[in-house]
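J.: This is the content of structure_29.pdb (PDB, C-alpha atoms, pLDDT in the B column):
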MODEL        1
ATOM      1  CA  MET A  18     -28.395 -25.344 -17.966  1.00 57.00           C
ATOM      2  CA  ASN A  19     -26.783 -25.580 -14.538  1.00 72.00           C
ATOM      3  CA  TYR A  20     -23.098 -24.990 -15.267  1.00 73.00           C
ATOM      4  CA  LYS A  21     -22.161 -25.346 -11.603  1.00 78.00           C
ATOM      5  CA  ILE A  22     -23.001 -29.049 -11.652  1.00 84.00           C
ATOM      6  CA  ILE A  23     -21.035 -29.655 -14.867  1.00 82.00           C
ATOM      7  CA  ILE A  24     -17.995 -27.702 -13.626  1.00 83.00           C
ATOM      8  CA  ALA A  25     -18.140 -29.410 -10.214  1.00 86.00           C
ATOM      9  CA  LEU A  26     -18.376 -32.821 -11.916  1.00 91.00           C
ATOM     10  CA  MET A  27     -15.358 -32.015 -14.122  1.00 90.00           C
ATOM     11  CA  ILE A  28     -13.366 -30.928 -11.054  1.00 92.00           C
ATOM     12  CA  ILE A  29     -14.310 -34.086  -9.147  1.00 95.00           C
ATOM     13  CA  LEU A  30     -13.368 -36.306 -12.105  1.00 95.00           C
ATOM     14  CA  GLY A  31     -10.079 -34.393 -12.454  1.00 95.00           C
ATOM     15  CA  VAL A  32      -9.277 -34.865  -8.755  1.00 96.00           C
ATOM     16  CA  VAL A  33     -10.080 -38.587  -8.884  1.00 97.00           C
ATOM     17  CA  GLY A  34      -8.007 -38.985 -12.050  1.00 96.00           C
ATOM     18  CA  CYS A  35      -5.036 -37.099 -10.614  1.00 97.00           C
ATOM     19  CA  PHE A  36      -5.119 -39.170  -7.413  1.00 96.00           C
ATOM     20  CA  TYR A  37      -5.211 -42.332  -9.502  1.00 97.00           C
ATOM     21  CA  PHE A  38      -1.916 -41.403 -11.170  1.00 97.00           C
ATOM     22  CA  ILE A  39      -0.253 -39.862  -8.095  1.00 97.00           C
ATOM     23  CA  ARG A  40      -0.860 -43.032  -6.065  1.00 96.00           C
ATOM     24  CA  LEU A  41       1.315 -44.952  -8.571  1.00 95.00           C
ATOM     25  CA  ASP A  42       4.371 -42.958  -7.422  1.00 94.00           C
ATOM     26  CA  TRP A  43       3.594 -39.883  -5.381  1.00 94.00           C
ATOM     27  CA  LYS A  44       7.061 -38.369  -5.802  1.00 96.00           C
ATOM     28  CA  ARG A  45       7.324 -38.587  -9.580  1.00 97.00           C
ATOM     29  CA  TYR A  46       3.697 -38.265 -10.640  1.00 97.00           C
ATOM     30  CA  GLY A  47       3.146 -35.796  -7.803  1.00 97.00           C
ATOM     31  CA  PHE A  48       6.017 -33.666  -9.103  1.00 97.00           C
ATOM     32  CA  ILE A  49       4.541 -33.657 -12.622  1.00 97.00           C
ATOM     33  CA  PHE A  50       1.129 -32.861 -11.129  1.00 98.00           C
ATOM     34  CA  LEU A  51       2.491 -29.841  -9.236  1.00 97.00           C
ATOM     35  CA  ILE A  52       4.437 -28.513 -12.225  1.00 97.00           C
ATOM     36  CA  SER A  53       1.383 -28.936 -14.472  1.00 97.00           C
ATOM     37  CA  LEU A  54      -0.923 -27.335 -11.893  1.00 97.00           C
ATOM     38  CA  MET A  55       1.371 -24.324 -11.453  1.00 97.00           C
ATOM     39  CA  SER A  56       2.110 -23.816 -15.151  1.00 97.00           C
ATOM     40  CA  ALA A  57      -1.539 -24.227 -16.234  1.00 96.00           C
ATOM     41  CA  ASN A  58      -2.730 -21.733 -13.623  1.00 95.00           C
ATOM     42  CA  LEU A  59       0.085 -19.301 -14.386  1.00 96.00           C
ATOM     43  CA  LEU A  60      -0.623 -19.396 -18.136  1.00 95.00           C
ATOM     44  CA  CYS A  61      -4.365 -19.062 -17.596  1.00 92.00           C
ATOM     45  CA  TYR A  62      -3.873 -16.175 -15.161  1.00 91.00           C
ATOM     46  CA  ILE A  63      -1.470 -14.330 -17.482  1.00 93.00           C
ATOM     47  CA  PHE A  64      -3.725 -14.747 -20.523  1.00 92.00           C
ATOM     48  CA  THR A  65      -6.777 -13.686 -18.517  1.00 90.00           C
ATOM     49  CA  PHE A  66      -4.939 -10.738 -16.954  1.00 90.00           C
ATOM     50  CA  ILE A  67      -3.616  -9.579 -20.340  1.00 92.00           C
ATOM     51  CA  GLY A  68      -7.115  -9.869 -21.775  1.00 89.00           C
ATOM     52  CA  PHE A  69      -6.719 -12.652 -24.335  1.00 91.00           C
ATOM     53  CA  TYR A  70      -9.776 -14.335 -22.889  1.00 89.00           C
ATOM     54  CA  SER A  71     -12.081 -13.876 -19.927  1.00 86.00           C
ATOM     55  CA  PHE A  72     -14.457 -15.739 -17.653  1.00 85.00           C
ATOM     56  CA  PRO A  73     -17.494 -13.441 -17.326  1.00 81.00           C
ATOM     57  CA  ASN A  74     -19.565 -15.987 -15.389  1.00 79.00           C
ATOM     58  CA  ASN A  75     -16.891 -17.745 -13.369  1.00 75.00           C
ATOM     59  CA  VAL A  76     -19.142 -20.234 -11.577  1.00 66.00           C
ATOM     60  CA  LEU A  77     -17.680 -21.840  -8.430  1.00 62.00           C
ATOM     61  CA  HIS A  78     -14.657 -19.502  -8.585  1.00 61.00           C
ATOM     62  CA  GLN A  79     -16.121 -16.056  -7.871  1.00 67.00           C
ATOM     63  CA  PRO A  80     -13.226 -14.371  -6.049  1.00 68.00           C
ATOM     64  CA  PHE A  81     -10.811 -15.329  -8.856  1.00 75.00           C
ATOM     65  CA  ILE A  82     -10.574 -13.975 -12.401  1.00 81.00           C
ATOM     66  CA  MET A  83     -10.202 -17.543 -13.691  1.00 86.00           C
ATOM     67  CA  PRO A  84     -11.594 -21.010 -12.855  1.00 87.00           C
ATOM     68  CA  PHE A  85      -8.784 -22.028 -10.516  1.00 87.00           C
ATOM     69  CA  GLY A  86     -10.335 -25.366  -9.494  1.00 88.00           C
ATOM     70  CA  LEU A  87     -11.047 -26.462 -13.046  1.00 89.00           C
ATOM     71  CA  VAL A  88      -7.594 -25.497 -14.325  1.00 92.00           C
ATOM     72  CA  SER A  89      -5.925 -27.117 -11.291  1.00 94.00           C
ATOM     73  CA  THR A  90      -7.523 -30.490 -11.931  1.00 95.00           C
ATOM     74  CA  VAL A  91      -8.377 -30.968 -15.608  1.00 94.00           C
ATOM     75  CA  PHE A  92      -5.060 -29.864 -17.131  1.00 96.00           C
ATOM     76  CA  PRO A  93      -2.901 -31.891 -14.702  1.00 97.00           C
ATOM     77  CA  PHE A  94      -5.150 -34.925 -15.211  1.00 97.00           C
ATOM     78  CA  ILE A  95      -4.751 -34.736 -19.001  1.00 97.00           C
ATOM     79  CA  THR A  96      -0.992 -34.236 -18.522  1.00 97.00           C
ATOM     80  CA  LEU A  97      -0.656 -37.299 -16.274  1.00 97.00           C
ATOM     81  CA  PHE A  98      -2.895 -39.349 -18.560  1.00 97.00           C
ATOM     82  CA  GLY A  99      -0.781 -38.407 -21.569  1.00 97.00           C
ATOM     83  CA  ILE A 100       2.496 -39.245 -19.871  1.00 97.00           C
ATOM     84  CA  ARG A 101       1.225 -42.568 -18.523  1.00 97.00           C
ATOM     85  CA  TYR A 102      -0.397 -43.884 -21.714  1.00 97.00           C
ATOM     86  CA  SER A 103       1.379 -42.234 -24.651  1.00 96.00           C
ATOM     87  CA  PRO A 104       2.982 -44.767 -27.006  1.00 96.00           C
ATOM     88  CA  GLU A 105       6.734 -45.317 -26.819  1.00 93.00           C
ATOM     89  CA  LYS A 106       7.601 -44.159 -30.336  1.00 93.00           C
ATOM     90  CA  TRP A 107       7.132 -40.549 -31.414  1.00 93.00           C
ATOM     91  CA  ILE A 108       5.514 -41.624 -34.663  1.00 93.00           C
ATOM     92  CA  TRP A 109       2.567 -42.843 -32.530  1.00 94.00           C
ATOM     93  CA  LYS A 110       2.788 -40.166 -29.811  1.00 95.00           C
ATOM     94  CA  ILE A 111       1.802 -37.535 -32.367  1.00 94.00           C
ATOM     95  CA  PRO A 112      -1.595 -39.102 -33.243  1.00 94.00           C
ATOM     96  CA  PHE A 113      -2.168 -39.805 -29.533  1.00 96.00           C
ATOM     97  CA  TYR A 114      -1.664 -36.144 -28.598  1.00 96.00           C
ATOM     98  CA  TRP A 115      -3.430 -35.012 -31.744  1.00 95.00           C
ATOM     99  CA  ALA A 116      -6.632 -36.602 -30.434  1.00 96.00           C
ATOM    100  CA  ILE A 117      -6.092 -35.070 -26.963  1.00 96.00           C
ATOM    101  CA  VAL A 118      -5.511 -31.594 -28.403  1.00 96.00           C
ATOM    102  CA  HIS A 119      -8.596 -31.838 -30.625  1.00 95.00           C
ATOM    103  CA  LEU A 120     -10.757 -32.833 -27.653  1.00 95.00           C
ATOM    104  CA  GLY A 121      -9.314 -29.957 -25.611  1.00 92.00           C
ATOM    105  CA  VAL A 122     -10.032 -27.387 -28.303  1.00 92.00           C
ATOM    106  CA  LEU A 123     -13.516 -28.857 -28.758  1.00 91.00           C
ATOM    107  CA  GLY A 124     -14.022 -28.315 -25.021  1.00 89.00           C
ATOM    108  CA  GLU A 125     -12.991 -24.670 -25.425  1.00 87.00           C
ATOM    109  CA  VAL A 126     -15.428 -24.184 -28.305  1.00 86.00           C
ATOM    110  CA  ILE A 127     -18.222 -25.649 -26.213  1.00 85.00           C
ATOM    111  CA  LEU A 128     -17.283 -23.408 -23.250  1.00 82.00           C
ATOM    112  CA  LYS A 129     -17.042 -20.437 -25.585  1.00 81.00           C
ATOM    113  CA  HIS A 130     -20.732 -20.843 -26.408  1.00 79.00           C
ATOM    114  CA  THR A 131     -21.706 -20.587 -22.750  1.00 79.00           C
ATOM    115  CA  SER A 132     -21.648 -17.579 -20.469  1.00 78.00           C
ATOM    116  CA  ILE A 133     -18.587 -18.989 -18.671  1.00 80.00           C
ATOM    117  CA  PHE A 134     -15.770 -18.415 -21.172  1.00 84.00           C
ATOM    118  CA  ARG A 135     -15.114 -15.797 -23.851  1.00 83.00           C
ATOM    119  CA  PHE A 136     -12.283 -15.209 -26.320  1.00 84.00           C
ATOM    120  CA  GLU A 137     -11.315 -11.587 -26.669  1.00 85.00           C
ATOM    121  CA  PRO A 138     -10.396 -10.177 -30.125  1.00 84.00           C
ATOM    122  CA  GLU A 139      -6.662 -10.778 -29.554  1.00 82.00           C
ATOM    123  CA  TRP A 140      -7.128 -14.542 -29.105  1.00 85.00           C
ATOM    124  CA  ASP A 141      -8.639 -17.213 -31.302  1.00 84.00           C
ATOM    125  CA  LEU A 142      -8.890 -20.986 -31.614  1.00 83.00           C
ATOM    126  CA  TRP A 143      -5.646 -21.238 -33.564  1.00 87.00           C
ATOM    127  CA  ASP A 144      -3.788 -19.678 -30.615  1.00 91.00           C
ATOM    128  CA  SER A 145      -5.397 -22.192 -28.268  1.00 90.00           C
ATOM    129  CA  TYR A 146      -4.674 -25.068 -30.616  1.00 93.00           C
ATOM    130  CA  THR A 147      -0.996 -24.127 -30.823  1.00 94.00           C
ATOM    131  CA  LEU A 148      -0.698 -23.638 -27.065  1.00 94.00           C
ATOM    132  CA  TRP A 149      -2.315 -27.025 -26.356  1.00 95.00           C
ATOM    133  CA  TRP A 150       0.295 -28.713 -28.578  1.00 96.00           C
ATOM    134  CA  ILE A 151       3.231 -26.902 -26.999  1.00 96.00           C
ATOM    135  CA  TYR A 152       1.980 -27.498 -23.464  1.00 96.00           C
ATOM    136  CA  TYR A 153       1.408 -31.247 -23.778  1.00 96.00           C
ATOM    137  CA  LEU A 154       4.476 -32.009 -25.884  1.00 96.00           C
ATOM    138  CA  LEU A 155       6.703 -30.184 -23.389  1.00 96.00           C
ATOM    139  CA  PHE A 156       5.152 -32.219 -20.588  1.00 97.00           C
ATOM    140  CA  GLU A 157       5.652 -35.397 -22.615  1.00 96.00           C
ATOM    141  CA  LEU A 158       9.361 -34.527 -22.814  1.00 96.00           C
ATOM    142  CA  LEU A 159       9.507 -33.729 -19.080  1.00 96.00           C
ATOM    143  CA  GLY A 160       7.566 -36.896 -18.247  1.00 94.00           C
ATOM    144  CA  GLY A 161      10.044 -38.931 -20.274  1.00 92.00           C
ATOM    145  CA  LYS A 162      12.820 -37.643 -18.010  1.00 95.00           C
ATOM    146  CA  VAL A 163      10.941 -37.914 -14.685  1.00 96.00           C
ATOM    147  CA  ILE A 164       8.714 -40.990 -15.026  1.00 96.00           C
ATOM    148  CA  PRO A 165      10.629 -44.258 -15.607  1.00 95.00           C
ATOM    149  CA  LYS A 166       9.372 -46.814 -18.111  1.00 93.00           C
ATOM    150  CA  ASP A 167       8.121 -49.178 -15.416  1.00 94.00           C
ATOM    151  CA  LEU A 168       5.685 -46.481 -14.207  1.00 95.00           C
ATOM    152  CA  ARG A 169       4.319 -45.848 -17.686  1.00 96.00           C
ATOM    153  CA  LYS A 170       1.808 -47.997 -19.509  1.00 96.00           C
ATOM    154  CA  PRO A 171       2.147 -46.989 -23.158  1.00 96.00           C
ATOM    155  CA  ILE A 172      -0.567 -47.927 -25.601  1.00 96.00           C
ATOM    156  CA  ASN A 173       0.753 -50.655 -27.860  1.00 94.00           C
ATOM    157  CA  SER A 174       1.920 -49.166 -31.175  1.00 92.00           C
ATOM    158  CA  ASP A 175       0.132 -51.923 -33.085  1.00 92.00           C
ATOM    159  CA  SER A 176      -3.161 -50.494 -31.774  1.00 94.00           C
ATOM    160  CA  PHE A 177      -2.533 -47.384 -33.901  1.00 92.00           C
ATOM    161  CA  ARG A 178      -2.107 -49.374 -37.096  1.00 91.00           C
ATOM    162  CA  TYR A 179      -4.951 -49.685 -39.603  1.00 93.00           C
ATOM    163  CA  GLY A 180      -7.979 -51.298 -37.985  1.00 91.00           C
ATOM    164  CA  GLY A 181      -6.624 -51.309 -34.418  1.00 93.00           C
ATOM    165  CA  TRP A 182      -8.761 -49.925 -31.618  1.00 95.00           C
ATOM    166  CA  ALA A 183      -6.536 -46.826 -31.164  1.00 94.00           C
ATOM    167  CA  TRP A 184      -6.627 -46.208 -34.929  1.00 94.00           C
ATOM    168  CA  ILE A 185     -10.439 -46.274 -34.824  1.00 96.00           C
ATOM    169  CA  VAL A 186     -10.680 -44.015 -31.751  1.00 95.00           C
ATOM    170  CA  PHE A 187      -8.116 -41.586 -33.184  1.00 95.00           C
ATOM    171  CA  HIS A 188      -9.950 -41.330 -36.503  1.00 94.00           C
ATOM    172  CA  ILE A 189     -13.349 -40.881 -34.901  1.00 96.00           C
ATOM    173  CA  ILE A 190     -12.019 -38.046 -32.710  1.00 95.00           C
ATOM    174  CA  VAL A 191      -9.934 -36.272 -35.329  1.00 94.00           C
ATOM    175  CA  ILE A 192     -12.318 -36.593 -38.277  1.00 95.00           C
ATOM    176  CA  SER A 193     -15.372 -35.550 -36.257  1.00 95.00           C
ATOM    177  CA  THR A 194     -13.579 -32.581 -34.674  1.00 94.00           C
ATOM    178  CA  ILE A 195     -12.206 -31.445 -38.055  1.00 92.00           C
ATOM    179  CA  PHE A 196     -15.741 -31.667 -39.457  1.00 93.00           C
ATOM    180  CA  LEU A 197     -17.071 -29.684 -36.481  1.00 89.00           C
ATOM    181  CA  ALA A 198     -14.275 -27.132 -36.953  1.00 86.00           C
ATOM    182  CA  GLY A 199     -15.428 -26.652 -40.545  1.00 86.00           C
ATOM    183  CA  VAL A 200     -19.001 -26.158 -39.397  1.00 88.00           C
ATOM    184  CA  TYR A 201     -17.775 -23.717 -36.728  1.00 81.00           C
ATOM    185  CA  VAL A 202     -15.783 -21.699 -39.269  1.00 82.00           C
ATOM    186  CA  GLY A 203     -18.745 -21.634 -41.652  1.00 85.00           C
ATOM    187  CA  VAL A 204     -21.120 -20.449 -38.927  1.00 82.00           C
ATOM    188  CA  THR A 205     -18.688 -17.791 -37.659  1.00 78.00           C
ATOM    189  CA  VAL A 206     -17.703 -16.451 -41.068  1.00 78.00           C
ATOM    190  CA  PHE A 207     -21.269 -16.065 -42.268  1.00 77.00           C
ATOM    191  CA  LYS A 208     -22.633 -14.517 -39.057  1.00 68.00           C
TER
ENDMDL
END
Take the structure from the file and write it as structure tokens.
T.:
Amino acid sequence: MNYKIIIALMIILGVVGCFYFIRLDWKRYGFIFLISLMSANLLCYIFTFIGFYSFPNNVLHQPFIMPFGLVSTVFPFITLFGIRYSPEKWIWKIPFYWAIVHLGVLGEVILKHTSIFRFEPEWDLWDSYTLWWIYYLLFELLGGKVIPKDLRKPINSDSFRYGGWAWIVFHIIVISTIFLAGVYVGVTVFK
């Protein structure tokens, strides 16, 4: 499989997505973008430098120890997306971010089974899962202070109620990723 094409496509989609949000208000969304870009790269660099995980086949990013372009676009895009569309009430923000975190960890599991990304013995999926939650909830709090309500487009809370489109999407994501996590644990334990 040509990982360069997939990584390049993810970077391009991240750039397009980030520009979409930044054009709404370049000062506010741009500020969140820069903070997310810097913090994501700093965390990734520290964890790679310490040896929690590594990038043995760092396609498109050879001089670096980490995929700088991917981290600089995908994480800020998810951050801006979350801030823009998260529901107003925290009772609905949690399922919204729950789906985002599950997709992010699923992405790590998929990358982990390529030659691009590897967890070292000191790091595991639970560490990643916890860090994803902390990272995006802190940015949700920051976004609530920086981005005014008129620049946000929260998903209607009624959509998360039984039978609503967000309820269906949330359940498909969370149930399927929990099932896949069970399969993953079973495969890894009995290796």
J.: Nearest to Asp175 of chain A among A:Lys106, A:Arg40, A:Lys21, A:Arg101, with distances taken over all atoms listed in the file: which residue is it?
T.: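 Using all atoms listed in the file, Asp175 of chain A sits closest to A:Lys106.
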J.: Using atom CA of Ala57 of chain A and atom CA of Ile172 of chain A as the two end points, give the distance in Å to one decimal.
T.: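 Spanning atom CA of Ala57 of chain A to atom CA of Ile172 of chain A is a straight-line distance of 25.5 Å.
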J.: Determine the nearest neighbour of Trp107 of chain A from the options A:Pro171, A:Ser132, A:Val191, A:Tyr70, counting all atoms listed in the file.
T.: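 So, comparing all the options, the nearest one is A:Pro171.
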J.: Would you compute the box with edges along x, y and z of the file around segment 113-131 of chain A, including every atom the file lists for it and 6 Å extra on each side, and give its centre and edge lengths in Å to one decimal, as lines of an AutoDock Vina configuration file?
T.:
center_x = -11.7
center_y = -30.1
center_z = -27.2
size_x = 32.0
size_y = 31.4
size_z = 21.0
J.: Using only C-alpha atoms for the distances, tell me which of A:Gly124, A:Gly180, A:Gly68, A:Gly160 is nearest to Thr194 of chain A.
T.: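 Selected residue with least distance to Thr194 of chain A: A:Gly124.
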J.: So how many Å separate atom CA of Asn75 of chain A and atom CA of Phe134 of chain A, to one decimal?
T.: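 It comes out at 7.9 Å.
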J.: Where does the PyMOL selection byres ((chain A and resi 83-100) around 8) land in this file, that is, which residues does it pick, as a PyMOL selection string?
T.: chain A and resi 24+27-28+31-32+34-35+38+46+49-51+53-55+57-58+61-62+65+71-72+75-78+81-82+101-103+114+153+156-157+160-161+169
J.: Next, write the just-selected residues to a file, as a PDB file, in the frame of the given file, keeping C-alpha atoms as the atom set.
T.:
ATOM      1  CA  ILE A  24     -17.995 -27.702 -13.626  1.00 83.00           C
ATOM      2  CA  MET A  27     -15.358 -32.015 -14.122  1.00 90.00           C
ATOM      3  CA  ILE A  28     -13.366 -30.928 -11.054  1.00 92.00           C
ATOM      4  CA  GLY A  31     -10.079 -34.393 -12.454  1.00 95.00           C
ATOM      5  CA  VAL A  32      -9.277 -34.865  -8.755  1.00 96.00           C
ATOM      6  CA  GLY A  34      -8.007 -38.985 -12.050  1.00 96.00           C
ATOM      7  CA  CYS A  35      -5.036 -37.099 -10.614  1.00 97.00           C
ATOM      8  CA  PHE A  38      -1.916 -41.403 -11.170  1.00 97.00           C
ATOM      9  CA  TYR A  46       3.697 -38.265 -10.640  1.00 97.00           C
ATOM     10  CA  ILE A  49       4.541 -33.657 -12.622  1.00 97.00           C
ATOM     11  CA  PHE A  50       1.129 -32.861 -11.129  1.00 98.00           C
ATOM     12  CA  LEU A  51       2.491 -29.841  -9.236  1.00 97.00           C
ATOM     13  CA  SER A  53       1.383 -28.936 -14.472  1.00 97.00           C
ATOM     14  CA  LEU A  54      -0.923 -27.335 -11.893  1.00 97.00           C
ATOM     15  CA  MET A  55       1.371 -24.324 -11.453  1.00 97.00           C
ATOM     16  CA  ALA A  57      -1.539 -24.227 -16.234  1.00 96.00           C
ATOM     17  CA  ASN A  58      -2.730 -21.733 -13.623  1.00 95.00           C
ATOM     18  CA  CYS A  61      -4.365 -19.062 -17.596  1.00 92.00           C
ATOM     19  CA  TYR A  62      -3.873 -16.175 -15.161  1.00 91.00           C
ATOM     20  CA  THR A  65      -6.777 -13.686 -18.517  1.00 90.00           C
ATOM     21  CA  SER A  71     -12.081 -13.876 -19.927  1.00 86.00           C
ATOM     22  CA  PHE A  72     -14.457 -15.739 -17.653  1.00 85.00           C
ATOM     23  CA  ASN A  75     -16.891 -17.745 -13.369  1.00 75.00           C
ATOM     24  CA  VAL A  76     -19.142 -20.234 -11.577  1.00 66.00           C
ATOM     25  CA  LEU A  77     -17.680 -21.840  -8.430  1.00 62.00           C
ATOM     26  CA  HIS A  78     -14.657 -19.502  -8.585  1.00 61.00           C
ATOM     27  CA  PHE A  81     -10.811 -15.329  -8.856  1.00 75.00           C
ATOM     28  CA  ILE A  82     -10.574 -13.975 -12.401  1.00 81.00           C
ATOM     29  CA  ARG A 101       1.225 -42.568 -18.523  1.00 97.00           C
ATOM     30  CA  TYR A 102      -0.397 -43.884 -21.714  1.00 97.00           C
ATOM     31  CA  SER A 103       1.379 -42.234 -24.651  1.00 96.00           C
ATOM     32  CA  TYR A 114      -1.664 -36.144 -28.598  1.00 96.00           C
ATOM     33  CA  TYR A 153       1.408 -31.247 -23.778  1.00 96.00           C
ATOM     34  CA  PHE A 156       5.152 -32.219 -20.588  1.00 97.00           C
ATOM     35  CA  GLU A 157       5.652 -35.397 -22.615  1.00 96.00           C
ATOM     36  CA  GLY A 160       7.566 -36.896 -18.247  1.00 94.00           C
ATOM     37  CA  GLY A 161      10.044 -38.931 -20.274  1.00 92.00           C
ATOM     38  CA  ARG A 169       4.319 -45.848 -17.686  1.00 96.00           C
TER      39      ARG A 169
END
J.: Between A:Ala25, A:Lys166, A:His130, A:Leu123, which has the minimum distance to Tyr146 of chain A (counting only C-alpha atoms)?
T.: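 Among A:Ala25, A:Lys166, A:His130, A:Leu123, it is A:Leu123 that comes nearest to Tyr146 of chain A.
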J.: Between atom CA of Trp115 of chain A and atom CA of Val200 of chain A, what is the distance, to one decimal in Å?
T.: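 Between these atoms lies a distance of 19.5 Å.
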J.: Residue by residue, what does the PyMOL selection byres ((chain A and resi 120) around 12) grab here? Present the result as JSON, numbers by chain.
T.: {"A": [95, 113, 114, 115, 116, 117, 118, 119, 121, 122, 123, 124, 125, 126, 127, 145, 146, 149, 150, 186, 187, 189, 190, 191, 192, 193, 194, 195, 197, 198]}
J.: Keeping only C-alpha atoms, write the selected residues to a file as a PDB file, keeping the file's coordinate frame.
T.:
ATOM      1  CA  ILE A  95      -4.751 -34.736 -19.001  1.00 97.00           C
ATOM      2  CA  PHE A 113      -2.168 -39.805 -29.533  1.00 96.00           C
ATOM      3  CA  TYR A 114      -1.664 -36.144 -28.598  1.00 96.00           C
ATOM      4  CA  TRP A 115      -3.430 -35.012 -31.744  1.00 95.00           C
ATOM      5  CA  ALA A 116      -6.632 -36.602 -30.434  1.00 96.00           C
ATOM      6  CA  ILE A 117      -6.092 -35.070 -26.963  1.00 96.00           C
ATOM      7  CA  VAL A 118      -5.511 -31.594 -28.403  1.00 96.00           C
ATOM      8  CA  HIS A 119      -8.596 -31.838 -30.625  1.00 95.00           C
ATOM      9  CA  GLY A 121      -9.314 -29.957 -25.611  1.00 92.00           C
ATOM     10  CA  VAL A 122     -10.032 -27.387 -28.303  1.00 92.00           C
ATOM     11  CA  LEU A 123     -13.516 -28.857 -28.758  1.00 91.00           C
ATOM     12  CA  GLY A 124     -14.022 -28.315 -25.021  1.00 89.00           C
ATOM     13  CA  GLU A 125     -12.991 -24.670 -25.425  1.00 87.00           C
ATOM     14  CA  VAL A 126     -15.428 -24.184 -28.305  1.00 86.00           C
ATOM     15  CA  ILE A 127     -18.222 -25.649 -26.213  1.00 85.00           C
ATOM     16  CA  SER A 145      -5.397 -22.192 -28.268  1.00 90.00           C
ATOM     17  CA  TYR A 146      -4.674 -25.068 -30.616  1.00 93.00           C
ATOM     18  CA  TRP A 149      -2.315 -27.025 -26.356  1.00 95.00           C
ATOM     19  CA  TRP A 150       0.295 -28.713 -28.578  1.00 96.00           C
ATOM     20  CA  VAL A 186     -10.680 -44.015 -31.751  1.00 95.00           C
ATOM     21  CA  PHE A 187      -8.116 -41.586 -33.184  1.00 95.00           C
ATOM     22  CA  ILE A 189     -13.349 -40.881 -34.901  1.00 96.00           C
ATOM     23  CA  ILE A 190     -12.019 -38.046 -32.710  1.00 95.00           C
ATOM     24  CA  VAL A 191      -9.934 -36.272 -35.329  1.00 94.00           C
ATOM     25  CA  ILE A 192     -12.318 -36.593 -38.277  1.00 95.00           C
ATOM     26  CA  SER A 193     -15.372 -35.550 -36.257  1.00 95.00           C
ATOM     27  CA  THR A 194     -13.579 -32.581 -34.674  1.00 94.00           C
ATOM     28  CA  ILE A 195     -12.206 -31.445 -38.055  1.00 92.00           C
ATOM     29  CA  LEU A 197     -17.071 -29.684 -36.481  1.00 89.00           C
ATOM     30  CA  ALA A 198     -14.275 -27.132 -36.953  1.00 86.00           C
TER      31      ALA A 198
END
J.: Using only C-alpha atoms, find the one residue out of A:Val206, A:Tyr37, A:Leu30, A:Pro104 that sits nearest to Ala183 of chain A.
T.: A:Pro104
J.: Rank A:Tyr20, A:Tyr152, A:Tyr201, A:Trp184 by their smallest atom-to-atom distance to Ser56 of chain A, using all atoms listed in the file, and report the top residue only.
T.: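 Closest to Ser56 of chain A of all the choices is A:Tyr152.
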